[in-house]
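Inspection log for the structure reproduced underneath, given as structure tokens.
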Amino acid sequence: MNEVDDSQAEVLNRLRRAQGQLAAVIAMIQTGRDRKDVVTQLAAVSHALDRAGFKIVAGGMLQCLAERQQGHIPPLTEAELEKLFLALA
């Protein structure tokens, strides 16, 4: 596995965990669990999604640097990367 594959695998693992956490939040609501517990778990889902998003953006930045060092045009411009990063803020 190369660095890109490792990064993608890590993102997919984070997203799968978030998917499981979200399913748990839905079940908590359906069973009438305390709102405080639901919000706590929902915050965990949100955090997991943010981390996955940041990992994707970081991978894009590394890819752009590698492309630039090889004399190729990066797949994303600096402005596009900034827009992706700010979308997660």
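So you can find residues: chains in the structure tokens are A, B, ... in the order shown, residues in each start at 1, and ligands are numbered from 1 in order.
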
Can you pull out every residue from region 1-86 of chain A that DSSP, working from the backbone, puts in alpha helix (DSSP H), and format the result as a PyMOL selection string?
chain A and resi 3-30+35-69+78-86

When you look at region 14-23 of chain A with a cut-off of 12 Å (counting only C-alpha atoms), what residues show up, excluding the ones that are within fewer than 4 positions of it in the same chain? I need them as an NGL selection string.
:A and (7-10 or 27-30 or 38-56)

Which neighbours of region 75-89 of chain A fall inside 9 Å, counting only C-alpha atoms, when residues of the same chain fewer than 3 positions from it are skipped, and could you give them as a PyMOL selection string?
chain A and resi 50+53-54+57-58+60-61+63-64+67+72

Expected file contents, prior selection, all heavy atoms, as a PDB file, in the first residue's frame:
```pdb
ATOM      1  N   ASP A  50     -15.590  15.790  10.816  1.00  0.00           N
ATOM      2  CA  ASP A  50     -14.614  16.868  10.633  1.00  0.00           C
ATOM      3  C   ASP A  50     -13.213  16.304  10.447  1.00  0.00           C
ATOM      4  O   ASP A  50     -12.466  16.736   9.563  1.00  0.00           O
ATOM      5  CB  ASP A  50     -14.624  17.823  11.837  1.00  0.00           C
ATOM      6  CG  ASP A  50     -15.854  18.708  11.883  1.00  0.00           C
ATOM      7  OD1 ASP A  50     -16.564  18.811  10.863  1.00  0.00           O
ATOM      8  OD2 ASP A  50     -16.099  19.296  12.956  1.00  0.00           O
ATOM      9  N   GLY A  53     -12.801  14.904   7.045  1.00  0.00           N
ATOM     10  CA  GLY A  53     -12.679  15.994   6.076  1.00  0.00           C
ATOM     11  C   GLY A  53     -11.307  16.626   6.089  1.00  0.00           C
ATOM     12  O   GLY A  53     -10.709  16.885   5.039  1.00  0.00           O
ATOM     13  N   PHE A  54     -10.772  16.857   7.286  1.00  0.00           N
ATOM     14  CA  PHE A  54      -9.430  17.444   7.396  1.00  0.00           C
ATOM     15  C   PHE A  54      -8.385  16.498   6.807  1.00  0.00           C
ATOM     16  O   PHE A  54      -7.428  16.939   6.172  1.00  0.00           O
ATOM     17  CB  PHE A  54      -9.084  17.768   8.844  1.00  0.00           C
ATOM     18  CG  PHE A  54      -9.859  18.940   9.401  1.00  0.00           C
ATOM     19  CD1 PHE A  54     -10.422  18.864  10.663  1.00  0.00           C
ATOM     20  CD2 PHE A  54     -10.009  20.107   8.676  1.00  0.00           C
ATOM     21  CE1 PHE A  54     -11.130  19.948  11.183  1.00  0.00           C
ATOM     22  CE2 PHE A  54     -10.714  21.188   9.185  1.00  0.00           C
ATOM     23  CZ  PHE A  54     -11.280  21.108  10.440  1.00  0.00           C
ATOM     24  N   VAL A  57      -8.490  16.891   3.039  1.00  0.00           N
ATOM     25  CA  VAL A  57      -7.852  18.143   2.618  1.00  0.00           C
ATOM     26  C   VAL A  57      -6.335  18.040   2.772  1.00  0.00           C
ATOM     27  O   VAL A  57      -5.582  18.450   1.876  1.00  0.00           O
ATOM     28  CB  VAL A  57      -8.415  19.351   3.400  1.00  0.00           C
ATOM     29  CG1 VAL A  57      -7.628  20.610   3.105  1.00  0.00           C
ATOM     30  CG2 VAL A  57      -9.887  19.561   3.052  1.00  0.00           C
ATOM     31  N   ALA A  58      -5.871  17.477   3.882  1.00  0.00           N
ATOM     32  CA  ALA A  58      -4.429  17.334   4.092  1.00  0.00           C
ATOM     33  C   ALA A  58      -3.814  16.457   3.004  1.00  0.00           C
ATOM     34  O   ALA A  58      -2.732  16.755   2.486  1.00  0.00           O
ATOM     35  CB  ALA A  58      -4.148  16.744   5.474  1.00  0.00           C
ATOM     36  N   GLY A  60      -4.922  16.143   0.001  1.00  0.00           N
ATOM     37  CA  GLY A  60      -4.907  16.956  -1.214  1.00  0.00           C
ATOM     38  C   GLY A  60      -3.739  17.922  -1.239  1.00  0.00           C
ATOM     39  O   GLY A  60      -3.105  18.132  -2.284  1.00  0.00           O
ATOM     40  N   MET A  61      -3.426  18.476  -0.078  1.00  0.00           N
ATOM     41  CA  MET A  61      -2.292  19.397   0.005  1.00  0.00           C
ATOM     42  C   MET A  61      -0.981  18.669  -0.278  1.00  0.00           C
ATOM     43  O   MET A  61      -0.132  19.168  -1.016  1.00  0.00           O
ATOM     44  CB  MET A  61      -2.252  20.063   1.386  1.00  0.00           C
ATOM     45  CG  MET A  61      -3.426  20.961   1.643  1.00  0.00           C
ATOM     46  SD  MET A  61      -3.479  21.481   3.364  1.00  0.00           S
ATOM     47  CE  MET A  61      -3.026  23.185   3.163  1.00  0.00           C
ATOM     48  N   GLN A  63      -0.623  15.959  -2.024  1.00  0.00           N
ATOM     49  CA  GLN A  63      -0.621  15.593  -3.433  1.00  0.00           C
ATOM     50  C   GLN A  63      -0.207  16.785  -4.293  1.00  0.00           C
ATOM     51  O   GLN A  63       0.584  16.643  -5.219  1.00  0.00           O
ATOM     52  CB  GLN A  63      -1.995  15.081  -3.855  1.00  0.00           C
ATOM     53  CG  GLN A  63      -2.057  14.629  -5.301  1.00  0.00           C
ATOM     54  CD  GLN A  63      -3.440  14.161  -5.703  1.00  0.00           C
ATOM     55  OE1 GLN A  63      -4.387  14.215  -4.927  1.00  0.00           O
ATOM     56  NE2 GLN A  63      -3.558  13.700  -6.929  1.00  0.00           N
ATOM     57  N   CYS A  64      -0.723  17.955  -3.960  1.00  0.00           N
ATOM     58  CA  CYS A  64      -0.368  19.165  -4.705  1.00  0.00           C
ATOM     59  C   CYS A  64       1.126  19.470  -4.584  1.00  0.00           C
ATOM     60  O   CYS A  64       1.774  19.836  -5.570  1.00  0.00           O
ATOM     61  CB  CYS A  64      -1.188  20.359  -4.228  1.00  0.00           C
ATOM     62  SG  CYS A  64      -2.896  20.304  -4.793  1.00  0.00           S
ATOM     63  N   GLU A  67       3.043  16.963  -6.723  1.00  0.00           N
ATOM     64  CA  GLU A  67       2.867  17.277  -8.143  1.00  0.00           C
ATOM     65  C   GLU A  67       3.717  18.484  -8.541  1.00  0.00           C
ATOM     66  O   GLU A  67       4.360  18.493  -9.585  1.00  0.00           O
ATOM     67  CB  GLU A  67       1.395  17.549  -8.462  1.00  0.00           C
ATOM     68  CG  GLU A  67       0.496  16.341  -8.353  1.00  0.00           C
ATOM     69  CD  GLU A  67       0.667  15.365  -9.497  1.00  0.00           C
ATOM     70  OE1 GLU A  67       0.963  15.805 -10.625  1.00  0.00           O
ATOM     71  OE2 GLU A  67       0.506  14.157  -9.252  1.00  0.00           O
ATOM     72  N   HIS A  72       4.681  19.151 -12.321  1.00  0.00           N
ATOM     73  CA  HIS A  72       3.330  19.032 -12.869  1.00  0.00           C
ATOM     74  C   HIS A  72       2.422  20.095 -12.263  1.00  0.00           C
ATOM     75  O   HIS A  72       2.691  20.628 -11.197  1.00  0.00           O
ATOM     76  CB  HIS A  72       2.746  17.650 -12.568  1.00  0.00           C
ATOM     77  CG  HIS A  72       3.537  16.542 -13.162  1.00  0.00           C
ATOM     78  ND1 HIS A  72       4.354  15.748 -12.400  1.00  0.00           N
ATOM     79  CD2 HIS A  72       3.665  16.103 -14.441  1.00  0.00           C
ATOM     80  CE1 HIS A  72       4.940  14.845 -13.167  1.00  0.00           C
ATOM     81  NE2 HIS A  72       4.545  15.044 -14.417  1.00  0.00           N
TER      82      HIS A  72
END
```
